[in-house]
Every structure is written in structure tokens, then in C-alpha cells.
>>> print(open('work_4.cif').read())   # mmCIF, C-alpha atoms and all ligand atoms
data_start
loop_
_atom_site.label_atom_id
_atom_site.label_comp_id
_atom_site.auth_asym_id
_atom_site.auth_seq_id
_atom_site.Cartn_x
_atom_site.Cartn_y
_atom_site.Cartn_z
CA MET O 14 -10.03 -7.49 -3.01
CA ALA O 15 -6.48 -8.73 -2.64
CA SER O 16 -4.02 -6.77 -0.61
CA ILE O 17 -1.22 -4.95 -2.32
CA GLU O 18 2.26 -6.12 -1.67
CA TRP O 19 3.84 -2.71 -1.97
CA ARG O 20 7.15 -4.21 -0.97
CA LYS O 21 7.17 -6.31 -4.12
CA ILE O 22 7.03 -3.39 -6.51
CA PRO O 23 10.30 -3.51 -8.45
CA THR O 24 12.86 -0.73 -8.49
CA VAL O 25 12.40 1.95 -11.07
CA LEU O 26 15.42 2.55 -13.29
CA LYS O 27 16.70 6.07 -13.92
CA THR O 28 16.12 7.39 -17.43
CA ASP O 29 19.77 7.10 -18.47
CA GLU O 30 19.85 3.55 -17.12
CA ILE O 31 16.89 2.64 -19.31
CA LEU O 32 18.57 4.08 -22.39
CA ASP O 33 21.95 2.51 -21.59
CA LYS O 34 20.35 -0.87 -21.13
CA ALA O 35 18.47 -0.53 -24.43
CA PHE O 36 21.41 0.66 -26.50
CA ARG O 37 23.79 -1.89 -25.01
CA LYS O 38 21.46 -4.75 -25.82
CA ALA O 39 20.95 -3.32 -29.32
CA SER O 40 24.69 -3.25 -30.06
CA LYS O 41 25.03 -6.85 -28.94
CA GLN O 42 22.15 -7.83 -31.19
CA SER O 43 23.69 -6.10 -34.17
CA ASP O 44 26.87 -8.16 -33.71
CA THR O 45 24.87 -11.33 -34.26
CA VAL O 46 23.85 -10.34 -37.77
CA GLU O 47 25.65 -12.37 -40.43
CA ASP O 48 25.55 -11.52 -44.07
CA PRO O 49 28.56 -11.53 -46.43
CA ASP O 50 27.12 -8.66 -48.38
CA LYS O 51 27.85 -5.37 -46.66
CA TYR O 52 24.79 -3.55 -48.00
CA HIS O 53 22.38 -6.19 -46.71
CA ARG O 54 24.32 -6.69 -43.52
CA VAL O 55 24.23 -3.03 -42.55
CA ARG O 56 20.57 -2.75 -43.43
CA LYS O 57 19.77 -5.73 -41.18
CA GLN O 58 22.04 -4.51 -38.43
CA MET O 59 20.58 -1.03 -38.30
CA ASN O 60 17.05 -2.34 -38.25
CA LYS O 61 17.91 -4.89 -35.60
CA MET O 62 19.44 -2.19 -33.40
CA VAL O 63 16.36 -0.02 -33.61
CA GLN O 64 13.97 -2.90 -32.97
CA SER O 65 15.86 -4.32 -30.02
CA ALA O 66 16.43 -0.94 -28.37
CA ALA O 67 12.72 -0.20 -28.76
CA SER O 68 11.79 -3.55 -27.36
CA VAL O 69 13.92 -3.05 -24.23
CA ILE O 70 12.46 0.40 -23.61
CA ASP O 71 8.92 -0.75 -24.30
CA THR O 72 9.17 -3.81 -22.04
CA THR O 73 10.74 -1.83 -19.23
CA LEU O 74 8.10 0.88 -19.30
CA ILE O 75 5.16 -1.47 -19.70
CA ALA O 76 6.43 -3.56 -16.81
CA TYR O 77 6.05 -0.48 -14.60
CA VAL O 78 2.52 0.13 -15.78
CA GLU O 79 1.60 -3.50 -15.19
CA ARG O 80 3.34 -4.08 -11.89
CA TRP O 81 1.85 -1.00 -10.29
CA PRO O 82 -1.67 -1.67 -9.13
CA SER O 83 -4.43 0.23 -10.84
CA LEU O 84 -5.97 2.62 -8.35
CA ASN O 85 -9.48 1.53 -9.22
CA ALA O 86 -8.64 -2.00 -8.17
CA LEU O 87 -7.57 -0.90 -4.70
CA SER O 88 -9.74 -0.88 -1.62
CA GLU O 89 -10.89 2.54 -0.50
CA PHE O 90 -8.49 2.31 2.39
CA ASP O 91 -5.54 1.66 0.11
CA GLN O 92 -6.66 4.42 -2.23
CA ALA O 93 -6.76 6.83 0.69
CA LEU O 94 -3.33 5.70 1.82
CA VAL O 95 -1.85 6.13 -1.65
CA ASP O 96 -3.51 9.49 -1.98
CA ALA O 97 -2.14 10.63 1.34
CA ALA O 98 1.29 9.22 0.59
CA VAL O 99 1.93 10.27 -3.00
CA GLY O 100 -1.28 11.68 -4.47
CA ASN O 101 -3.67 9.70 -6.63
CA ASP O 102 -3.62 12.27 -9.42
CA ASN O 103 0.15 12.09 -9.73
CA TYR O 104 -0.06 8.34 -9.58
CA ARG O 105 -2.47 8.15 -12.51
CA LYS O 106 -0.73 10.86 -14.49
CA SER O 107 2.70 9.26 -14.16
CA LEU O 108 1.61 5.79 -15.16
CA GLY O 109 -0.34 7.31 -18.04
CA ALA O 110 2.71 9.23 -19.29
CA ILE O 111 4.87 6.13 -19.06
CA GLN O 112 2.38 4.12 -21.05
CA TRP O 113 2.30 6.88 -23.66
CA GLY O 114 6.11 6.74 -23.86
CA ALA O 115 6.05 3.01 -24.50
CA GLU O 116 3.52 3.43 -27.28
CA ARG O 117 5.52 6.23 -28.93
CA VAL O 118 8.69 4.13 -28.88
CA ARG O 119 6.87 1.22 -30.48
CA SER O 120 5.50 3.39 -33.21
CA ILE O 121 8.86 5.04 -33.95
CA ALA O 122 10.40 1.57 -34.28
CA ALA O 123 7.71 0.52 -36.75
CA ASP O 124 8.17 3.71 -38.81
CA THR O 125 11.90 3.19 -38.89
CA GLN O 126 11.56 -0.36 -40.08
CA ARG O 127 9.41 0.77 -43.02
CA LYS O 128 11.82 3.58 -43.78
CA ILE O 129 14.87 1.30 -43.81
CA LEU O 130 13.08 -1.00 -46.26
CA ARG O 131 12.57 1.89 -48.66
CA LEU O 132 16.13 3.21 -48.40
CA ARG O 133 18.74 2.21 -50.92
CA ASP O 134 22.08 3.31 -49.45
CA ILE O 135 24.26 2.33 -46.51
CA ASP O 136 24.54 5.90 -45.24
CA GLY O 137 20.77 6.10 -45.17
CA PHE O 138 20.53 2.98 -42.98
CA HIS O 139 22.96 4.48 -40.48
CA GLN O 140 21.15 7.78 -40.62
CA ALA O 141 17.77 6.13 -39.94
CA ARG O 142 19.19 4.26 -36.95
CA ARG O 143 20.70 7.44 -35.50
CA SER O 144 17.49 9.32 -35.98
CA ALA O 145 15.46 6.60 -34.23
CA TYR O 146 17.88 6.60 -31.29
CA GLY O 147 17.56 10.35 -31.05
CA ARG O 148 13.80 10.12 -30.95
CA PHE O 149 13.87 7.36 -28.31
CA SER O 150 16.08 9.54 -26.14
CA SER O 151 13.82 12.51 -26.50
CA ILE O 152 10.70 10.48 -25.63
CA ILE O 153 12.43 9.20 -22.52
CA GLU O 154 13.58 12.73 -21.75
CA GLN O 155 10.00 13.93 -22.02
CA ILE O 156 8.69 11.43 -19.51
CA SER O 157 11.68 11.62 -17.21
CA PRO O 158 9.82 13.65 -14.54
CA GLU O 159 7.20 10.91 -14.36
CA ILE O 160 9.79 8.13 -14.25
CA GLU O 161 11.60 9.96 -11.49
CA TRP O 162 8.32 10.48 -9.64
CA LEU O 163 7.59 6.77 -9.87
CA GLY O 164 10.97 5.91 -8.37
CA GLU O 165 10.38 8.22 -5.43
CA ALA O 166 6.80 7.04 -4.99
CA ARG O 167 8.01 3.46 -4.84
CA ASP O 168 10.29 4.26 -1.92
CA ILE O 169 7.37 5.82 -0.06
CA LEU O 170 4.80 3.17 -0.95
CA ARG O 171 7.11 0.36 0.09
CA LYS O 172 6.70 1.50 3.66
CA LEU O 173 2.91 1.44 3.63
CA PRO O 174 1.15 -1.18 5.68
CA SER O 175 -0.45 -4.00 3.70
CA ILE O 176 -3.86 -4.90 4.99
CA ASP O 177 -5.61 -7.89 3.51
CA SER O 178 -9.15 -6.77 2.90
CA ASN O 179 -10.36 -10.37 2.67
CA GLU O 180 -9.60 -10.92 6.32
CA PRO O 181 -11.18 -9.22 9.31
CA CYS O 182 -9.47 -6.13 10.59
CA ILE O 183 -9.67 -4.42 13.93
CA VAL O 184 -8.75 -0.77 14.05
CA VAL O 185 -7.33 0.30 17.39
CA ALA O 186 -7.96 3.96 18.18
CA GLY O 187 -7.70 6.20 21.21
CA SER O 188 -5.86 9.20 22.58
CA PRO O 189 -2.05 9.31 22.62
CA ASN O 190 -0.30 7.01 25.08
CA VAL O 191 -3.33 4.99 26.10
CA GLY O 192 -1.53 1.78 25.13
CA LYS O 193 -2.68 1.07 21.56
CA SER O 194 0.63 -0.24 20.33
CA ALA O 195 1.21 -2.25 23.48
CA LEU O 196 -2.21 -3.87 23.07
CA ILE O 197 -1.48 -4.92 19.50
CA THR O 198 1.87 -6.34 20.51
CA SER O 199 0.34 -8.24 23.39
CA LEU O 200 -2.57 -9.64 21.38
CA SER O 201 -0.46 -10.60 18.37
CA SER O 202 0.89 -13.99 17.61
CA GLY O 203 4.47 -13.22 16.76
CA GLU O 204 6.11 -9.87 16.41
CA PRO O 205 3.83 -7.22 14.96
CA GLU O 206 4.92 -5.62 11.77
CA VAL O 207 5.95 -2.02 12.11
CA ALA O 208 5.08 0.14 9.15
CA ALA O 209 5.07 3.87 8.60
CA TYR O 210 2.04 5.98 7.94
CA PRO O 211 2.91 8.61 5.38
CA PHE O 212 1.11 11.35 7.26
CA THR O 213 2.81 11.12 10.63
CA THR O 214 6.31 10.45 11.78
CA LYS O 215 4.93 7.82 14.10
CA GLN O 216 5.16 4.14 13.52
CA LEU O 217 2.17 2.07 12.80
CA HIS O 218 1.76 -1.32 14.35
CA LEU O 219 0.16 -4.04 12.36
CA GLY O 220 -0.44 -7.30 14.16
CA HIS O 221 -2.71 -10.28 13.93
CA PHE O 222 -4.00 -13.26 15.83
CA MET O 223 -5.41 -16.47 14.41
CA HIS O 224 -8.75 -17.93 15.38
CA ARG O 225 -10.17 -20.96 13.60
CA ARG O 226 -7.79 -20.46 10.72
CA ARG O 227 -8.91 -16.90 10.19
CA LYS O 228 -6.46 -14.10 10.47
CA TYR O 229 -7.72 -11.21 12.59
CA GLN O 230 -5.64 -8.22 11.69
CA MET O 231 -5.12 -5.32 14.03
CA VAL O 232 -3.98 -1.89 13.02
CA ASP O 233 -2.93 1.07 15.03
CA THR O 234 -3.82 4.73 14.42
CA PRO O 235 -0.88 6.66 15.79
CA GLY O 236 -0.92 10.41 15.48
CA LEU O 237 -4.29 10.54 13.75
CA LEU O 238 -6.32 11.51 16.75
CA ASP O 239 -3.85 13.62 18.70
CA ARG O 240 -5.47 16.89 17.86
CA PRO O 241 -9.01 18.21 18.03
CA MET O 242 -11.01 17.64 14.87
CA VAL O 243 -10.92 21.30 13.78
CA GLU O 244 -7.13 21.39 13.73
CA ARG O 245 -6.72 18.28 11.69
CA ASN O 246 -5.59 18.60 8.13
CA ASN O 247 -7.17 17.15 5.10
CA ILE O 248 -4.89 14.18 4.86
CA GLU O 249 -5.49 13.14 8.43
CA MET O 250 -9.23 13.44 7.97
CA GLN O 251 -9.00 11.31 4.89
CA ALA O 252 -7.05 8.71 6.78
CA ILE O 253 -9.55 8.69 9.60
CA ALA O 254 -12.40 8.32 7.17
CA ALA O 255 -10.50 5.53 5.46
CA LEU O 256 -10.46 3.65 8.74
CA GLU O 257 -14.13 3.13 8.36
CA ASN O 258 -13.53 1.21 5.18
CA VAL O 259 -10.89 -1.06 6.48
CA GLY O 260 -12.06 -1.99 9.93
CA ASP O 261 -14.69 -4.53 10.88
CA VAL O 262 -14.55 -3.36 14.45
CA LEU O 263 -13.20 -0.20 15.97
CA LEU O 264 -11.55 -0.90 19.27
CA PHE O 265 -11.50 2.32 21.23
CA LEU O 266 -8.99 2.25 24.02
CA ILE O 267 -9.37 4.45 27.09
CA ASP O 268 -6.70 4.96 29.70
CA PRO O 269 -8.69 5.47 32.92
CA THR O 270 -5.67 5.99 35.18
CA PRO O 271 -5.10 9.39 36.79
CA GLU O 272 -1.70 9.46 35.07
CA ALA O 273 -3.23 9.32 31.59
CA THR O 274 -1.77 11.83 29.14
CA THR O 275 -5.27 12.92 28.11
CA SER O 276 -7.98 13.67 30.65
CA MET O 277 -10.97 11.38 30.88
CA ASP O 278 -13.24 14.16 29.60
CA GLU O 279 -11.14 14.68 26.52
CA GLN O 280 -10.95 10.95 25.89
CA MET O 281 -14.73 10.73 26.03
CA ASN O 282 -15.02 13.66 23.61
CA LEU O 283 -12.72 11.89 21.22
CA LEU O 284 -14.78 8.72 21.51
CA GLU O 285 -17.84 10.71 20.56
CA GLU O 286 -16.09 12.30 17.58
CA VAL O 287 -14.83 8.97 16.35
CA SER O 288 -18.23 7.34 16.80
CA GLY O 289 -19.64 10.08 14.59
CA LEU O 290 -17.13 9.27 11.87
CA MET O 291 -17.72 5.53 12.03
CA SER O 292 -21.33 5.51 10.99
CA GLU O 293 -21.47 1.81 10.24
CA ARG O 294 -18.78 0.19 12.30
CA ALA O 295 -19.22 -1.58 15.58
CA ILE O 296 -17.25 0.09 18.34
CA LEU O 297 -15.84 -1.75 21.31
CA VAL O 298 -14.70 0.41 24.21
CA VAL O 299 -11.89 -1.09 26.27
CA HIS O 300 -10.10 0.24 29.33
CA SER O 301 -6.33 -0.17 29.32
CA LYS O 302 -3.66 -0.55 31.98
CA SER O 303 -5.84 -2.53 34.36
CA ASP O 304 -2.73 -3.45 36.33
CA LEU O 305 -2.57 0.18 37.47
CA HIS O 306 -6.15 0.57 38.62
CA LYS O 307 -8.75 -1.51 40.33
CA SER O 308 -11.04 -2.17 37.38
CA THR O 309 -14.42 -0.80 38.25
CA GLU O 310 -16.70 -3.75 37.76
CA MET O 311 -18.82 -2.26 35.02
CA GLU O 312 -20.73 -5.09 33.45
CA ASP O 313 -20.09 -4.28 29.81
CA LYS O 314 -16.62 -2.76 30.04
CA ILE O 315 -13.61 -4.84 29.22
CA ALA O 316 -10.47 -3.93 31.11
CA ILE O 317 -7.13 -5.21 29.90
CA SER O 318 -3.50 -5.01 30.79
CA SER O 319 -0.91 -5.45 28.09
CA ILE O 320 1.63 -6.03 30.81
CA THR O 321 -0.03 -8.76 32.86
CA GLY O 322 -2.23 -10.06 30.06
CA GLU O 323 -5.34 -9.59 32.17
CA GLY O 324 -8.55 -9.48 30.14
CA MET O 325 -6.85 -10.40 26.88
CA GLU O 326 -8.60 -13.72 26.33
CA ASN O 327 -11.93 -12.13 27.07
CA LEU O 328 -11.15 -9.30 24.64
CA ARG O 329 -10.15 -11.69 21.89
CA LYS O 330 -13.38 -13.60 22.38
CA ARG O 331 -15.48 -10.45 22.20
CA LEU O 332 -13.76 -9.33 19.01
CA VAL O 333 -14.31 -12.66 17.31
CA GLU O 334 -17.97 -12.65 18.36
CA MET O 335 -18.57 -9.12 17.12
CA ILE O 336 -17.01 -9.86 13.75
CA ALA O 337 -18.84 -13.17 13.38
CA ALA O 338 -22.17 -11.54 14.27
CA ASP O 339 -21.62 -9.22 11.37
CA GLU O 340 -21.00 -11.98 8.92
CA ILE O 341 -23.97 -14.23 9.41
CA SER O 342 -25.85 -11.99 7.00
CA ASP O 343 -23.42 -13.13 4.30
CA PRO O 344 -24.79 -16.41 2.94
CA LEU O 345 -21.40 -17.49 1.61
CA ASN O 346 -19.85 -17.14 4.99
CA LEU O 347 -21.67 -19.48 7.33
CA PRO O 348 -20.42 -19.82 10.87
CA GLU O 349 -18.17 -22.83 11.34
CA ASP O 350 -20.61 -24.82 13.45
CA TRP O 351 -23.38 -24.38 10.88
CA PRO O 352 -25.07 -27.77 10.34
CA ARG O 353 -24.44 -29.18 6.88
CA ASN O 354 -26.58 -32.05 5.63
CA ASP O 355 -24.50 -32.69 2.57
CA LEU O 356 -21.58 -33.97 4.59
CA THR O 357 -23.29 -36.91 6.24
N1 LIG O 401 1.18 -0.37 33.39
C1 LIG O 401 0.85 -0.44 32.10
N2 LIG O 401 1.43 0.35 31.21
C2 LIG O 401 1.08 0.26 29.92
C3 LIG O 401 0.11 -0.70 29.48
N3 LIG O 401 -0.04 -0.56 28.13
C4 LIG O 401 0.81 0.42 27.75
N4 LIG O 401 1.47 0.90 28.82
C5 LIG O 401 2.47 1.99 28.80
O1 LIG O 401 1.87 3.18 28.33
C6 LIG O 401 2.74 3.89 27.47
C7 LIG O 401 2.11 4.10 26.13
O2 LIG O 401 1.93 2.85 25.49
P1 LIG O 401 1.80 2.74 23.92
O3 LIG O 401 1.41 1.38 23.60
O4 LIG O 401 3.00 3.30 23.26
O5 LIG O 401 0.61 3.75 23.69
P2 LIG O 401 -0.01 4.25 22.29
O6 LIG O 401 -1.45 4.46 22.51
O7 LIG O 401 0.42 3.36 21.24
O8 LIG O 401 0.70 5.67 22.16
P3 LIG O 401 0.82 6.57 20.81
O9 LIG O 401 1.21 5.65 19.70
O10 LIG O 401 1.89 7.56 21.15
O11 LIG O 401 -0.50 7.23 20.61
C8 LIG O 401 4.02 3.08 27.41
O12 LIG O 401 4.94 3.60 28.34
C9 LIG O 401 3.58 1.69 27.82
O13 LIG O 401 4.60 0.97 28.45
C10 LIG O 401 -0.48 -1.54 30.48
O14 LIG O 401 -1.35 -2.38 30.20
N5 LIG O 401 -0.09 -1.37 31.75
MG MG O 402 1.54 3.74 19.42
#
>>> encode(input="work_4.cif", output="C-alpha cells", more="lines below")
Ligand SMILES: Nc1nc2c(ncn2[C@@H]2O[C@H](COP(=O)(O)OP(=O)(O)OP(=O)(O)O)[C@@H](O)[C@H]2O)c(=O)[nH]1
Ligand SMILES: [Mg+2]
Amino acid sequence: MASIEWRKIPTVLKTDEILDKAFRKASKQSDTVEDPDKYHRVRKQMNKMVQSAASVIDTTLIAYVERWPSLNALSEFDQALVDAAVGNDNYRKSLGAIQWGAERVRSIAADTQRKILRLRDIDGFHQARRSAYGRFSSIIEQISPEIEWLGEARDILRKLPSIDSNEPCIVVAGSPNVGKSALITSLSSGEPEVAAYPFTTKQLHLGHFMHRRRKYQMVDTPGLLDRPMVERNNIEMQAIAALENVGDVLLFLIDPTPEATTSMDEQMNLLEEVSGLMSERAILVVHSKSDLHKSTEMEDKIAISSITGEGMENLRKRLVEMIAADEISDPLNLPEDWPRNDLT
């Protein structure tokens, strides 16, 4: 599934801007009509105005429906994000209303064309044009709450992180202040992207490193795990559950220093809670801030420092191995050193 480029969603015009644009274009079009006979000229002009106004409105509205991704085509993670950010029901309802508006406008334009063909007087042509304009305005008026909603939703969705679900993704979790963001920054090639989660005021770090031409994405979970499970609201729970869909590996970071914001006991409780949520995901437990403590030489524990870089290469290697181990079961995704007879 391709990732959504929320940032590329075009601006949504205000309702009066849509109508202005349509009526302005229509007047210009009517000026292009040439016919020496006034009766025929007016008839053509009035019809042309209605058809071109309708076409502008229709194209504008349909462009929204088409440029906005259909929710069903989104990954579960993106669906959960959109739901948390703006509400999936509102999303569907608004796009549905806008599509309805476009269809109504098209059908009014077709009716008007037939009517103008039947009419026999200049006043009637003008009258039919005015009536069509009035109906266009009232259709747009009717869907104006949805158009306005779409404009606001765009501003929120633009700030969502874009995760490419075709590439591996590592979700970095842990108690507040353990060094999640610092780890992503340190492991990233280049500056990590900073996005905003809709459900917390905190900033979300999205970084990646490359290994054998694959992009390993890393995403932060700020503010999601700050509170005990029972106090978390629905949206946070949804977001946590969504993590299971996006991540190939959950990297759980523990700050073992005595200065840690959260006690070791509480951090272990959180690890247990999170393990319960991630029924299918591999979890890698990593100790942070190794520059501040003498890393206890536990055989399976990785200790890293985002400041000195200690343990980073080892961590990267482990992540790549864990993700690769997962993928051998996929016959289309052979490991790179897989022997191929057809090449020799
Ligand atoms: N000495 C040392 N300090 C670190 C290291 N990693 C992070 N820190 C410090 O720990 C603090 C928290 O780091 P962050 O990366 O913001 O932690 P976080 O887990 O993202 O915090 P939240 O987003 O608030 O949950 C900052 O003051 C960092 O400078 C490290 O490896 N060594
Ligand atoms: Mg952080």
C-alpha cells in the first residue's frame, strides 16, 4: 500500500470562492459567443453560461473527491491516524456530500439546457440562466459545512506523518524522557522529519536509515505511553493499537539510570503492557544513555548512547536482522545473498 502524501492535498476553496470562480469563467465564456441574430445569440450565451459555471463547480468538487484518498485504500495505521485526527465518519460523510453536490450541479445544467431549447423568448433564456445560477448557489450552500470541514481537515492532515508501508518500520516506544527522540535523531541519516500527532501536543520524530538500498523507517511514540493504561482515552488506545499495524519491530527503550523520570519498576510494567498489545510484533529491548551508566554486561541487552554513539552500529545490525528474519517467509522477498541460478 502506498503512503499518503498528505502534504500534497490541494487547498480547499471557500464556498463563495467556488461560486465566484464559476460565475466569472461563465461570463467570460458568454462574451465569446458570436451570432448576429440577437435571439440566437442570447440563447447560446445563456446556455453557455450555465454549462461553463456547472463545469467549473463540478470539476472543482470532483477534484476534491479524487485527490483525497479513499479510507478503504489506507493502511490500518493511516486509518487510525485519520480517525484520531479528524474522524473517519466525518471524512466519509463530507466527501460523500461533495460528490452529491457535483452530481446535482451536473443534472441541473442538463435540465437547463433542455429547457432553453424548448423556450421561445429572450426573457425566458435569461430567466432560465438566473434560475440555474440560483440552484447552483443553493446546492453549494447546502454542502458548505462539508466543504468547510474539508478545508479544516486538510490543515490537520497535512501535519500527519507519512509512513511508507512498503518499507520496514521500527516503532520506538518507552516511558517519557528515556531518549526516544534522541535515538531516532542519532540513528537517522539526515535530519529526521518532525511531524505532529493529532492526539498529543508533542512532536513526533520520523527518521530513517538506509541499508542495502532499503529504507528503514523509525517512528516515535511521544505522549502515548505517559499514563497508565486505565487512564488513557480512546484515541490514544487506538493509536497504540495502530502501532501494531505499522511496525515491523517495536524497539522498547529503557532508561536504566537512577535519574530516569520513570522508575525502573514502572518502566518494566509499561514494557509488559505494551508487549500485551503487540501480539505479533517482535520486541527489542534496548537500554539508553549508556554514557551515564556502566552498562551491565547482560548478554542479550543492547545498551546505546545517543550522545557518544556507543552501541548504535550493533543496534542497527540487530534491527536489520530481526526484520530480515521476518521476511524470509515471503517468497517474493528473498534475502539479498540468496543464490540465483538464472543469473549465471
Ligand atoms: N546522557 C545522555 N542523555 C540522553 C541520551 N539520550 C537522550 N538523552 C537526554 O534525555 C532527555 C530526553 O531525551 P528525549 O530524546 O527527548 O527523550 P524522549 O523519550 O523522546 O522523551 P519524550 O518525547 O518526552 O517522551 C534529553 O535531555 C536528552 O538530551 C543519551 O544517550 N545520553
Ligand atoms: Mg520525544
>>> residues_near_ligand(input="work_4.cif", ligand="ligand MG 402 (chain O)", cutoff="9 Å", atoms="all atoms listed in the file", output="count of residues only")
15
>>> axis_aligned_box(input="work_4.cif", around="ligand LIG 401 (chain O)", padding_each_side="6 Å", output="JSON")
{"center_x": 1.7, "center_y": 2.6, "center_z": 26.5, "size_x": 18.4, "size_y": 21.9, "size_z": 25.7}
>>> closest_residue(input="work_4.cif", among="O:Val287, O:Ile336, O:Ile317, O:Met325", to="ligand LIG 401 (chain O)", atoms="all atoms listed in the file")
O:Ile317
>>> atom_distance(input="work_4.cif", atom1="CA of Gln58 in chain O", atom2="CA of Asp44 in chain O")
7.7 Å
>>> residues_near_point(input="work_4.cif", point="(-4.5, -11.5, 19.1)", cutoff="10 Å", atoms="all atoms listed in the file", output="number ranges by chain")
O: 196-203, 220-224, 228-231, 325-326, 328-330, 332
>>> residues_around(input="work_4.cif", residues="range 156-162 of chain O", least_positions_apart="6", cutoff="12 Å", atoms="only C-alpha atoms", output="ChimeraX atom specification")
/O:24-32,73-75,77-78,99-100,102-115,117-118,149-150,168-170
>>> write_last_selection(input="work_4.cif", atoms="C-alpha atoms", output="PDB file, in the frame of the given file")
ATOM      1  CA  THR O  24      12.860  -0.730  -8.490  1.00  0.00           C
ATOM      2  CA  VAL O  25      12.400   1.950 -11.070  1.00  0.00           C
ATOM      3  CA  LEU O  26      15.420   2.550 -13.290  1.00  0.00           C
ATOM      4  CA  LYS O  27      16.700   6.070 -13.920  1.00  0.00           C
ATOM      5  CA  THR O  28      16.120   7.390 -17.430  1.00  0.00           C
ATOM      6  CA  ASP O  29      19.770   7.100 -18.470  1.00  0.00           C
ATOM      7  CA  GLU O  30      19.850   3.550 -17.120  1.00  0.00           C
ATOM      8  CA  ILE O  31      16.890   2.640 -19.310  1.00  0.00           C
ATOM      9  CA  LEU O  32      18.570   4.080 -22.390  1.00  0.00           C
ATOM     10  CA  THR O  73      10.740  -1.830 -19.230  1.00  0.00           C
ATOM     11  CA  LEU O  74       8.100   0.880 -19.300  1.00  0.00           C
ATOM     12  CA  ILE O  75       5.160  -1.470 -19.700  1.00  0.00           C
ATOM     13  CA  TYR O  77       6.050  -0.480 -14.600  1.00  0.00           C
ATOM     14  CA  VAL O  78       2.520   0.130 -15.780  1.00  0.00           C
ATOM     15  CA  VAL O  99       1.930  10.270  -3.000  1.00  0.00           C
ATOM     16  CA  GLY O 100      -1.280  11.680  -4.470  1.00  0.00           C
ATOM     17  CA  ASP O 102      -3.620  12.270  -9.420  1.00  0.00           C
ATOM     18  CA  ASN O 103       0.150  12.090  -9.730  1.00  0.00           C
ATOM     19  CA  TYR O 104      -0.060   8.340  -9.580  1.00  0.00           C
ATOM     20  CA  ARG O 105      -2.470   8.150 -12.510  1.00  0.00           C
ATOM     21  CA  LYS O 106      -0.730  10.860 -14.490  1.00  0.00           C
ATOM     22  CA  SER O 107       2.700   9.260 -14.160  1.00  0.00           C
ATOM     23  CA  LEU O 108       1.610   5.790 -15.160  1.00  0.00           C
ATOM     24  CA  GLY O 109      -0.340   7.310 -18.040  1.00  0.00           C
ATOM     25  CA  ALA O 110       2.710   9.230 -19.290  1.00  0.00           C
ATOM     26  CA  ILE O 111       4.870   6.130 -19.060  1.00  0.00           C
ATOM     27  CA  GLN O 112       2.380   4.120 -21.050  1.00  0.00           C
ATOM     28  CA  TRP O 113       2.300   6.880 -23.660  1.00  0.00           C
ATOM     29  CA  GLY O 114       6.110   6.740 -23.860  1.00  0.00           C
ATOM     30  CA  ALA O 115       6.050   3.010 -24.500  1.00  0.00           C
ATOM     31  CA  ARG O 117       5.520   6.230 -28.930  1.00  0.00           C
ATOM     32  CA  VAL O 118       8.690   4.130 -28.880  1.00  0.00           C
ATOM     33  CA  PHE O 149      13.870   7.360 -28.310  1.00  0.00           C
ATOM     34  CA  SER O 150      16.080   9.540 -26.140  1.00  0.00           C
ATOM     35  CA  ASP O 168      10.290   4.260  -1.920  1.00  0.00           C
ATOM     36  CA  ILE O 169       7.370   5.820  -0.060  1.00  0.00           C
ATOM     37  CA  LEU O 170       4.800   3.170  -0.950  1.00  0.00           C
TER      38      LEU O 170
END
>>> closest_residue(input="work_4.cif", among="O:Leu219, O:Ala295, O:Leu94, O:Leu173", to="ligand LIG 401 (chain O)", atoms="all atoms listed in the file")
O:Leu219
>>> closest_residue(input="work_4.cif", among="O:Asp239, O:Glu293, O:Asp50, O:Asp71", to="ligand LIG 401 (chain O)", atoms="all atoms listed in the file")
O:Asp239
>>> atom_distance(input="work_4.cif", atom1="CA of Pro174 in chain O", atom2="CA of Glu285 in chain O")
26.9 Å
>>> residues_around(input="work_4.cif", residues="Asp136 in chain O", least_positions_apart="6", cutoff="12 Å", atoms="only C-alpha atoms", output="compact mmCIF listing (two decimals) with C-alpha atoms, keeping the file's coordinate frame")
# COMPACT_ATOMS: atom_id res chain seq x y z
CA LYS O 51 27.85 -5.37 -46.66
CA TYR O 52 24.79 -3.55 -48.00
CA VAL O 55 24.23 -3.03 -42.55
CA ARG O 56 20.57 -2.75 -43.43
CA MET O 59 20.58 -1.03 -38.30
CA ILE O 129 14.87 1.30 -43.81
CA ARG O 142 19.19 4.26 -36.95
CA ARG O 143 20.70 7.44 -35.50
>>> atom_distance(input="work_4.cif", atom1="CA of Arg119 in chain O", atom2="CA of Gly137 in chain O")
20.8 Å
>>> build_atoms(input="work_4.cif", residues="range 177-190 of chain O", atoms="N, CA and C atoms", output="mmCIF file, in the coordinates of the input")
data_model
loop_
_atom_site.group_PDB
_atom_site.id
_atom_site.type_symbol
_atom_site.label_atom_id
_atom_site.label_comp_id
_atom_site.auth_asym_id
_atom_site.auth_seq_id
_atom_site.Cartn_x
_atom_site.Cartn_y
_atom_site.Cartn_z
ATOM 1 N N ASP O 177 -4.880 -6.987 4.383
ATOM 2 C CA ASP O 177 -5.610 -7.890 3.510
ATOM 3 C C ASP O 177 -7.098 -7.669 3.724
ATOM 4 N N SER O 178 -7.750 -7.128 2.690
ATOM 5 C CA SER O 178 -9.150 -6.770 2.900
ATOM 6 C C SER O 178 -10.084 -7.979 2.849
ATOM 7 N N ASN O 179 -9.529 -9.165 2.588
ATOM 8 C CA ASN O 179 -10.360 -10.370 2.670
ATOM 9 C C ASN O 179 -10.470 -10.906 4.084
ATOM 10 N N GLU O 180 -9.601 -10.428 4.947
ATOM 11 C CA GLU O 180 -9.600 -10.920 6.320
ATOM 12 C C GLU O 180 -10.092 -9.821 7.249
ATOM 13 N N PRO O 181 -10.685 -10.241 8.387
ATOM 14 C CA PRO O 181 -11.180 -9.220 9.310
ATOM 15 C C PRO O 181 -10.061 -8.303 9.812
ATOM 16 N N CYS O 182 -10.453 -7.090 10.101
ATOM 17 C CA CYS O 182 -9.470 -6.130 10.590
ATOM 18 C C CYS O 182 -10.051 -5.305 11.729
ATOM 19 N N ILE O 183 -9.266 -5.174 12.760
ATOM 20 C CA ILE O 183 -9.670 -4.420 13.930
ATOM 21 C C ILE O 183 -8.823 -3.153 13.976
ATOM 22 N N VAL O 184 -9.480 -2.025 13.986
ATOM 23 C CA VAL O 184 -8.750 -0.770 14.050
ATOM 24 C C VAL O 184 -8.695 -0.326 15.509
ATOM 25 N N VAL O 185 -7.492 -0.092 15.989
ATOM 26 C CA VAL O 185 -7.330 0.300 17.390
ATOM 27 C C VAL O 185 -7.110 1.812 17.452
ATOM 28 N N ALA O 186 -8.051 2.509 18.098
ATOM 29 C CA ALA O 186 -7.960 3.960 18.180
ATOM 30 C C ALA O 186 -7.996 4.405 19.633
ATOM 31 N N GLY O 187 -7.694 5.656 19.856
ATOM 32 C CA GLY O 187 -7.700 6.200 21.210
ATOM 33 C C GLY O 187 -6.703 7.343 21.300
ATOM 34 N N SER O 188 -6.756 8.060 22.378
ATOM 35 C CA SER O 188 -5.860 9.200 22.580
ATOM 36 C C SER O 188 -4.400 8.728 22.637
ATOM 37 N N PRO O 189 -3.465 9.674 22.530
ATOM 38 C CA PRO O 189 -2.050 9.310 22.620
ATOM 39 C C PRO O 189 -1.722 8.599 23.932
ATOM 40 N N ASN O 190 -0.839 7.630 23.857
ATOM 41 C CA ASN O 190 -0.300 7.010 25.080
ATOM 42 C C ASN O 190 -1.244 6.122 25.869
#
